[in-house]
$ cat final_5.txt   # compact mmCIF, C-alpha atoms and all ligand atoms
# COMPACT_ATOMS: atom_id res chain seq x y z
CA MET A 1 0.00 0.00 0.00
CA ASP A 2 1.45 3.40 -0.87
CA ALA A 3 1.82 6.06 1.79
CA LEU A 4 -1.09 8.28 0.70
CA THR A 5 -3.47 5.36 0.41
CA ALA A 6 -2.52 4.25 3.91
CA LEU A 7 -2.97 7.76 5.32
CA HIS A 8 -6.31 8.25 3.58
CA SER A 9 -7.78 4.92 4.56
CA ARG A 10 -6.59 4.08 8.08
CA VAL A 11 -9.38 3.09 10.40
CA SER A 12 -9.35 1.72 13.94
CA VAL A 13 -10.12 -1.96 14.27
CA SER A 14 -11.62 -3.05 17.56
CA ARG A 15 -12.30 -6.70 16.61
CA LEU A 16 -8.89 -8.28 16.65
CA THR A 17 -7.84 -11.88 16.70
CA ASP A 18 -4.83 -14.23 16.47
CA PRO A 19 -2.24 -14.28 15.13
CA ALA A 20 -0.32 -11.30 16.43
CA PRO A 21 1.86 -9.56 13.86
CA ASP A 22 5.10 -11.42 13.16
CA GLN A 23 8.46 -9.93 14.11
CA GLN A 24 9.24 -8.52 10.67
CA THR A 25 5.86 -6.78 10.55
CA LEU A 26 6.40 -5.44 14.05
CA ASN A 27 9.88 -4.20 13.18
CA ASN A 28 8.27 -2.09 10.45
CA LEU A 29 6.03 -0.53 13.11
CA PHE A 30 8.95 0.11 15.44
CA LYS A 31 11.01 1.65 12.64
CA ALA A 32 8.06 3.91 11.73
CA ALA A 33 7.79 5.03 15.38
CA MET A 34 11.38 6.17 15.29
CA ARG A 35 10.60 8.46 12.31
CA ALA A 36 8.19 10.62 14.32
CA PRO A 37 9.03 14.33 14.41
CA ASP A 38 10.84 14.86 17.68
CA HIS A 39 12.01 18.32 18.83
CA GLY A 40 15.61 18.04 19.98
CA LEU A 41 15.72 14.37 18.94
CA LEU A 42 15.15 13.46 22.57
CA ARG A 43 13.43 10.15 21.80
CA PRO A 44 11.04 10.88 24.68
CA TRP A 45 9.26 7.55 24.37
CA ARG A 46 9.49 3.92 25.26
CA PHE A 47 7.12 1.09 24.48
CA LEU A 48 6.25 -2.12 26.29
CA THR A 49 5.08 -5.03 24.14
CA VAL A 50 2.58 -7.30 25.83
CA GLN A 51 1.76 -10.64 24.23
CA GLY A 52 0.45 -14.05 25.20
CA ALA A 53 0.34 -14.73 28.93
CA ALA A 54 1.70 -11.27 29.72
CA ARG A 55 -1.77 -9.96 28.80
CA GLU A 56 -3.15 -11.92 31.76
CA ARG A 57 -0.62 -10.30 34.07
CA LEU A 58 -1.74 -6.93 32.72
CA ALA A 59 -5.36 -7.94 33.38
CA ASP A 60 -4.42 -8.81 36.99
CA ILE A 61 -2.97 -5.33 37.41
CA PHE A 62 -6.15 -3.75 36.02
CA VAL A 63 -8.21 -5.80 38.47
CA GLN A 64 -5.99 -4.88 41.40
CA ALA A 65 -6.17 -1.16 40.52
CA THR A 66 -9.94 -1.19 40.09
CA LEU A 67 -10.53 -3.10 43.32
CA GLN A 68 -8.69 -0.35 45.20
CA ASP A 69 -11.14 2.24 43.88
CA GLU A 70 -14.27 0.08 43.87
CA PRO A 71 -13.97 -2.68 46.48
CA ASP A 72 -17.65 -3.53 46.00
CA ILE A 73 -17.49 -3.92 42.22
CA THR A 74 -19.61 -6.79 40.92
CA ALA A 75 -18.00 -10.02 39.76
CA ALA A 76 -19.49 -9.45 36.30
CA LYS A 77 -17.84 -6.03 35.96
CA LEU A 78 -14.56 -7.46 37.18
CA ASP A 79 -14.74 -10.27 34.61
CA LYS A 80 -15.37 -7.73 31.87
CA LEU A 81 -12.37 -5.72 33.01
CA ARG A 82 -10.17 -8.83 33.16
CA GLY A 83 -11.12 -9.59 29.58
CA LYS A 84 -10.02 -6.21 28.24
CA PRO A 85 -6.33 -6.95 27.65
CA LEU A 86 -7.35 -10.23 26.01
CA ARG A 87 -9.30 -8.45 23.26
CA ALA A 88 -6.26 -8.61 20.99
CA PRO A 89 -3.26 -10.90 20.69
CA MET A 90 -0.91 -8.04 21.38
CA ILE A 91 -0.79 -4.65 23.08
CA ILE A 92 1.88 -2.00 22.80
CA ILE A 93 1.91 0.29 25.81
CA ALA A 94 3.09 3.73 24.69
CA ILE A 95 4.94 5.63 27.39
CA CYS A 96 6.11 9.20 27.19
CA SER A 97 9.40 9.44 29.01
CA PRO A 98 10.13 13.16 29.04
CA LYS A 99 13.70 14.38 29.31
CA ASP A 100 14.81 17.58 31.00
CA HIS A 101 15.49 20.08 28.24
CA PRO A 102 15.67 23.88 28.35
CA LYS A 103 13.78 24.32 25.07
CA VAL A 104 11.52 21.30 24.76
CA PRO A 105 8.61 21.25 27.22
CA VAL A 106 6.90 18.04 28.32
CA LEU A 107 3.90 18.80 26.10
CA GLU A 108 6.07 18.72 22.99
CA GLN A 109 7.58 15.44 24.11
CA GLN A 110 4.09 14.00 24.60
CA LEU A 111 3.16 15.21 21.11
CA ALA A 112 6.26 13.52 19.68
CA THR A 113 5.29 10.28 21.42
CA GLY A 114 1.76 10.58 20.05
CA ALA A 115 3.22 11.05 16.57
CA ALA A 116 5.29 7.89 17.08
CA VAL A 117 2.10 6.04 18.00
CA GLU A 118 0.30 7.32 14.93
CA ASN A 119 3.23 6.29 12.73
CA MET A 120 2.83 2.78 14.15
CA MET A 121 -0.92 2.85 13.52
CA ILE A 122 -0.32 3.76 9.87
CA ALA A 123 2.43 1.14 9.50
CA ALA A 124 0.06 -1.45 10.95
CA HIS A 125 -2.72 -0.49 8.55
CA ALA A 126 -0.32 -0.49 5.58
CA GLN A 127 0.54 -4.10 6.42
CA ASP A 128 -3.08 -5.18 6.91
CA VAL A 129 -2.70 -5.40 10.68
CA GLY A 130 -5.64 -4.16 12.74
CA ALA A 131 -4.97 -1.59 15.44
CA ILE A 132 -6.83 0.60 17.90
CA TRP A 133 -5.48 3.20 20.31
CA ARG A 134 -7.15 3.04 23.70
CA THR A 135 -6.64 4.82 27.01
CA GLY A 136 -9.32 4.77 29.73
CA PRO A 137 -8.86 5.06 33.50
CA MET A 138 -6.20 2.34 33.63
CA ALA A 139 -3.80 4.52 31.65
CA THR A 140 -3.48 7.02 34.47
CA HIS A 141 -4.05 4.80 37.51
CA GLU A 142 -1.05 4.95 39.84
CA THR A 143 -1.22 1.23 40.64
CA VAL A 144 -0.98 0.46 36.94
CA THR A 145 1.82 2.92 36.18
CA ARG A 146 3.81 1.70 39.20
CA ALA A 147 3.32 -1.99 38.35
CA LEU A 148 4.49 -1.32 34.80
CA GLY A 149 7.63 0.35 36.08
CA LEU A 150 6.94 3.95 35.11
CA THR A 151 8.98 6.46 37.03
CA GLY A 152 9.00 10.23 37.67
CA PRO A 153 7.32 12.21 34.91
CA GLU A 154 6.58 9.21 32.70
CA SER A 155 3.01 8.67 31.56
CA ILE A 156 1.06 6.13 29.55
CA LEU A 157 -0.28 7.74 26.37
CA GLY A 158 -2.03 4.68 25.08
CA PHE A 159 -2.63 0.98 24.95
CA ILE A 160 -2.31 0.10 21.27
CA TYR A 161 -4.21 -3.11 20.61
CA LEU A 162 -2.93 -5.00 17.56
CA GLY A 163 -3.87 -8.16 15.76
CA SER A 164 -5.38 -9.80 12.73
CA ILE A 165 -8.58 -8.19 11.52
CA ASP A 166 -11.66 -10.13 12.57
CA GLY A 167 -14.51 -9.41 10.16
CA PRO A 168 -15.03 -6.50 7.80
CA ARG A 169 -13.30 -3.18 8.41
CA ARG A 170 -15.57 -0.34 9.51
CA PRO A 171 -16.50 1.74 6.45
CA LEU A 172 -14.84 5.13 6.28
CA LYS A 173 -17.01 8.08 7.15
CA GLU A 174 -16.72 10.69 4.43
CA GLU A 175 -15.80 14.03 5.94
CA ASP A 176 -15.24 17.34 4.26
CA PHE A 177 -11.76 18.41 5.28
CA ASN A 178 -12.62 21.93 4.11
CA ASP A 179 -14.61 22.33 7.32
CA TYR A 180 -11.32 22.25 9.20
CA PHE A 181 -9.08 24.35 6.98
CA GLN A 182 -9.35 28.04 6.30
CA ASP A 183 -7.20 30.48 4.39
CA TRP A 184 -5.86 33.14 6.68
C1 LIG B 201 -5.25 9.51 22.84
C2 LIG B 201 -6.38 8.64 22.37
C3 LIG B 201 -7.07 7.85 23.27
C4 LIG B 201 -8.14 7.04 22.88
N1 LIG B 201 -8.78 6.25 23.79
C5 LIG B 201 -9.79 5.45 23.38
C6 LIG B 201 -10.43 4.56 24.28
O1 LIG B 201 -10.07 4.47 25.45
N2 LIG B 201 -11.46 3.82 23.83
C7 LIG B 201 -11.88 3.88 22.53
O2 LIG B 201 -12.79 3.15 22.15
N3 LIG B 201 -11.29 4.72 21.65
C8 LIG B 201 -10.25 5.49 22.03
N4 LIG B 201 -9.64 6.33 21.15
C9 LIG B 201 -10.23 6.53 19.81
C10 LIG B 201 -9.98 5.43 18.85
O3 LIG B 201 -8.64 4.99 18.95
C11 LIG B 201 -10.32 5.88 17.40
O4 LIG B 201 -9.35 6.71 16.89
C12 LIG B 201 -11.67 6.56 17.26
O5 LIG B 201 -12.67 5.72 17.74
C13 LIG B 201 -11.97 6.99 15.82
O6 LIG B 201 -11.92 5.88 14.98
P1 LIG B 201 -10.95 5.85 13.71
O7 LIG B 201 -9.52 5.81 14.26
O8 LIG B 201 -11.31 4.59 12.99
O9 LIG B 201 -11.21 7.07 12.91
C14 LIG B 201 -8.54 7.09 21.52
C15 LIG B 201 -7.83 7.87 20.60
C16 LIG B 201 -6.77 8.64 21.02
C17 LIG B 201 -6.00 9.49 20.00

$ encode --input "final_5.txt" --output "structure tokens"
Amino acid sequence: MDALTALHSRVSVSRLTDPAPDQQTLNNLFKAAMRAPDHGLLRPWRFLTVQGAARERLADIFVQATLQDEPDITAAKLDKLRGKPLRAPMIIIAICSPKDHPKVPVLEQQLATGAAVENMMIAAHAQDVGAIWRTGPMATHETVTRALGLTGPESILGFIYLGSIDGPRRPLKEEDFNDYFQDW
């Protein structure tokens, strides 16, 4: 798929199934991440790949975090939560790891990390891999960030679910880009 076709047609895929992308396909994602625009070339990101049984360990952390906030949560809700990391064969946890820099504020480093994530989303789509960027309360929960080893100013910017596409892709919604662009 050429670059413009990929950019014009990317869509999130929430129904994902086995197999996870192979290593060569993943390397193309990782290489694309490293081409994100990055003020000061600080590489203010790191990514955790979560596959197979590691997804269950992530689910345990989600359960532990949620039980702290909602000790009376129903078993059904807890089961639903435990199933979340199992919705795809693989998750990439995108972490912004800001560096001290006199000219590059944390916001710019978060934007660079977001651009790296989007580059991976496009690289996934271009290779026929389904992907969806999710956050939710677990992304900012201290129990989760601590258990995943985040330190200091680090933050989770997304859980990127990846896998083979299960069923038809969602049709693209036609939008008029002119609504968002004006001559000045
Ligand atoms: C920072 C960020 C966080 C997101 N978090 C969620 C989320 O928690 N749950 C969800 O269903 N979609 C989430 N989304 C939106 C989807 O990833 C998706 O982009 C959106 O539903 C639009 O669909 P499309 O990508 O196919 O255009 C998030 C997107 C971004 C950029």

$ residues_near_ligand --input "final_5.txt" --ligand "ligand LIG 201 (chain B)" --cutoff "6 Å" --atoms "only C-alpha atoms and all ligand atoms" --output "PyMOL selection string"
chain A and resi 11-12+132-136

$ closest_residue --input "final_5.txt" --among "A:Leu150, A:Leu7, A:Cys96, A:Met1" --to "Thr113 (chain A)" --atoms "all atoms listed in the file"
A:Cys96

$ closest_residue --input "final_5.txt" --among "A:Gly163, A:Lys173, A:Gly83, A:Ala94" --to "Asp22 (chain A)" --atoms "all atoms listed in the file"
A:Gly163

$ residues_around --input "final_5.txt" --residues "Pro37 (chain A)" --least-positions-apart "4" --cutoff "10 Å" --atoms "all atoms listed in the file" --output "list of chain:residue names"
A:Ala33, A:Leu41, A:Arg43, A:Gln109, A:Leu111, A:Ala112, A:Thr113, A:Gly114, A:Ala115, A:Ala116

$ residues_around --input "final_5.txt" --residues "Arg87 (chain A)" --least-positions-apart "4" --cutoff "10 Å" --atoms "all atoms listed in the file" --output "compact mmCIF listing (two decimals) with C-alpha atoms, keeping the file's coordinate frame"
# COMPACT_ATOMS: atom_id res chain seq x y z
CA SER A 14 -11.62 -3.05 17.56
CA ARG A 15 -12.30 -6.70 16.61
CA LEU A 16 -8.89 -8.28 16.65
CA THR A 17 -7.84 -11.88 16.70
CA ASP A 18 -4.83 -14.23 16.47
CA ARG A 55 -1.77 -9.96 28.80
CA ARG A 82 -10.17 -8.83 33.16
CA GLY A 83 -11.12 -9.59 29.58
CA ILE A 91 -0.79 -4.65 23.08
CA TYR A 161 -4.21 -3.11 20.61
CA LEU A 162 -2.93 -5.00 17.56
CA GLY A 163 -3.87 -8.16 15.76

$ closest_residue --input "final_5.txt" --among "A:Glu154, A:Asp128, A:Glu142, A:Glu118" --to "Ala32 (chain A)" --atoms "only C-alpha atoms"
A:Glu118

$ residues_around --input "final_5.txt" --residues "Val144 (chain A)" --least-positions-apart "4" --cutoff "8 Å" --atoms "all atoms listed in the file" --output "list of chain:residue names"
A:Ile61, A:Phe62, A:Ala65, A:Met138, A:Ala139, A:Thr140, A:Leu148

$ atom_distance --input "final_5.txt" --atom1 "CA of Gln24 (chain A)" --atom2 "CA of Met90 (chain A)"
14.8 Å

$ decode --input "final_5.txt" --residues "region 27-52 of chain A" --atoms "N, CA and C atoms" --output "short mmCIF file (atom, residue, chain, number, x, y, z; two decimals), in the first residue's frame"
data_model
loop_
_atom_site.label_atom_id
_atom_site.label_comp_id
_atom_site.auth_asym_id
_atom_site.auth_seq_id
_atom_site.Cartn_x
_atom_site.Cartn_y
_atom_site.Cartn_z
N ASN A 27 8.69 -5.04 13.35
CA ASN A 27 9.88 -4.20 13.18
C ASN A 27 9.55 -3.00 12.29
N ASN A 28 8.67 -3.21 11.30
CA ASN A 28 8.27 -2.09 10.45
C ASN A 28 7.51 -1.04 11.25
N LEU A 29 6.73 -1.49 12.23
CA LEU A 29 6.03 -0.53 13.11
C LEU A 29 7.06 0.24 13.94
N PHE A 30 7.99 -0.52 14.52
CA PHE A 30 8.95 0.11 15.44
C PHE A 30 9.82 1.14 14.68
N LYS A 31 10.19 0.75 13.45
CA LYS A 31 11.01 1.65 12.64
C LYS A 31 10.22 2.92 12.30
N ALA A 32 8.92 2.75 12.04
CA ALA A 32 8.06 3.91 11.73
C ALA A 32 7.95 4.82 12.96
N ALA A 33 7.87 4.22 14.15
CA ALA A 33 7.79 5.03 15.38
C ALA A 33 9.00 5.95 15.49
N MET A 34 10.14 5.41 15.13
CA MET A 34 11.38 6.17 15.29
C MET A 34 11.51 7.31 14.27
N ARG A 35 10.59 7.37 13.30
CA ARG A 35 10.60 8.46 12.31
C ARG A 35 9.63 9.58 12.71
N ALA A 36 9.09 9.55 13.89
CA ALA A 36 8.19 10.62 14.32
C ALA A 36 8.98 11.92 14.48
N PRO A 37 8.35 13.05 14.15
CA PRO A 37 9.03 14.33 14.41
C PRO A 37 9.26 14.47 15.91
N ASP A 38 10.41 14.96 16.28
CA ASP A 38 10.84 14.86 17.68
C ASP A 38 11.79 16.03 17.98
N HIS A 39 11.22 17.11 18.55
CA HIS A 39 12.01 18.32 18.83
C HIS A 39 13.21 17.97 19.72
N GLY A 40 14.39 18.30 19.21
CA GLY A 40 15.61 18.04 19.98
C GLY A 40 16.09 16.59 19.87
N LEU A 41 15.38 15.80 19.07
CA LEU A 41 15.72 14.37 18.94
C LEU A 41 15.94 13.71 20.30
N LEU A 42 15.01 13.96 21.19
CA LEU A 42 15.15 13.46 22.57
C LEU A 42 14.71 12.01 22.71
N ARG A 43 14.00 11.50 21.70
CA ARG A 43 13.43 10.15 21.80
C ARG A 43 12.70 10.00 23.14
N PRO A 44 11.68 10.83 23.35
CA PRO A 44 11.04 10.88 24.68
C PRO A 44 9.99 9.78 24.87
N TRP A 45 10.25 8.63 24.32
CA TRP A 45 9.26 7.55 24.37
C TRP A 45 9.91 6.22 24.71
N ARG A 46 9.11 5.33 25.20
CA ARG A 46 9.49 3.92 25.26
C ARG A 46 8.19 3.12 25.18
N PHE A 47 8.31 1.91 24.75
CA PHE A 47 7.12 1.09 24.48
C PHE A 47 7.30 -0.29 25.12
N LEU A 48 6.23 -0.77 25.73
CA LEU A 48 6.25 -2.12 26.29
C LEU A 48 5.37 -2.99 25.39
N THR A 49 5.90 -4.12 24.95
CA THR A 49 5.08 -5.03 24.14
C THR A 49 4.54 -6.13 25.06
N VAL A 50 3.27 -6.36 24.94
CA VAL A 50 2.58 -7.30 25.83
C VAL A 50 1.89 -8.35 24.96
N GLN A 51 2.34 -9.57 25.06
CA GLN A 51 1.76 -10.64 24.23
C GLN A 51 1.51 -11.88 25.07
N GLY A 52 0.66 -12.75 24.57
CA GLY A 52 0.45 -14.05 25.20
C GLY A 52 0.04 -13.92 26.65
#
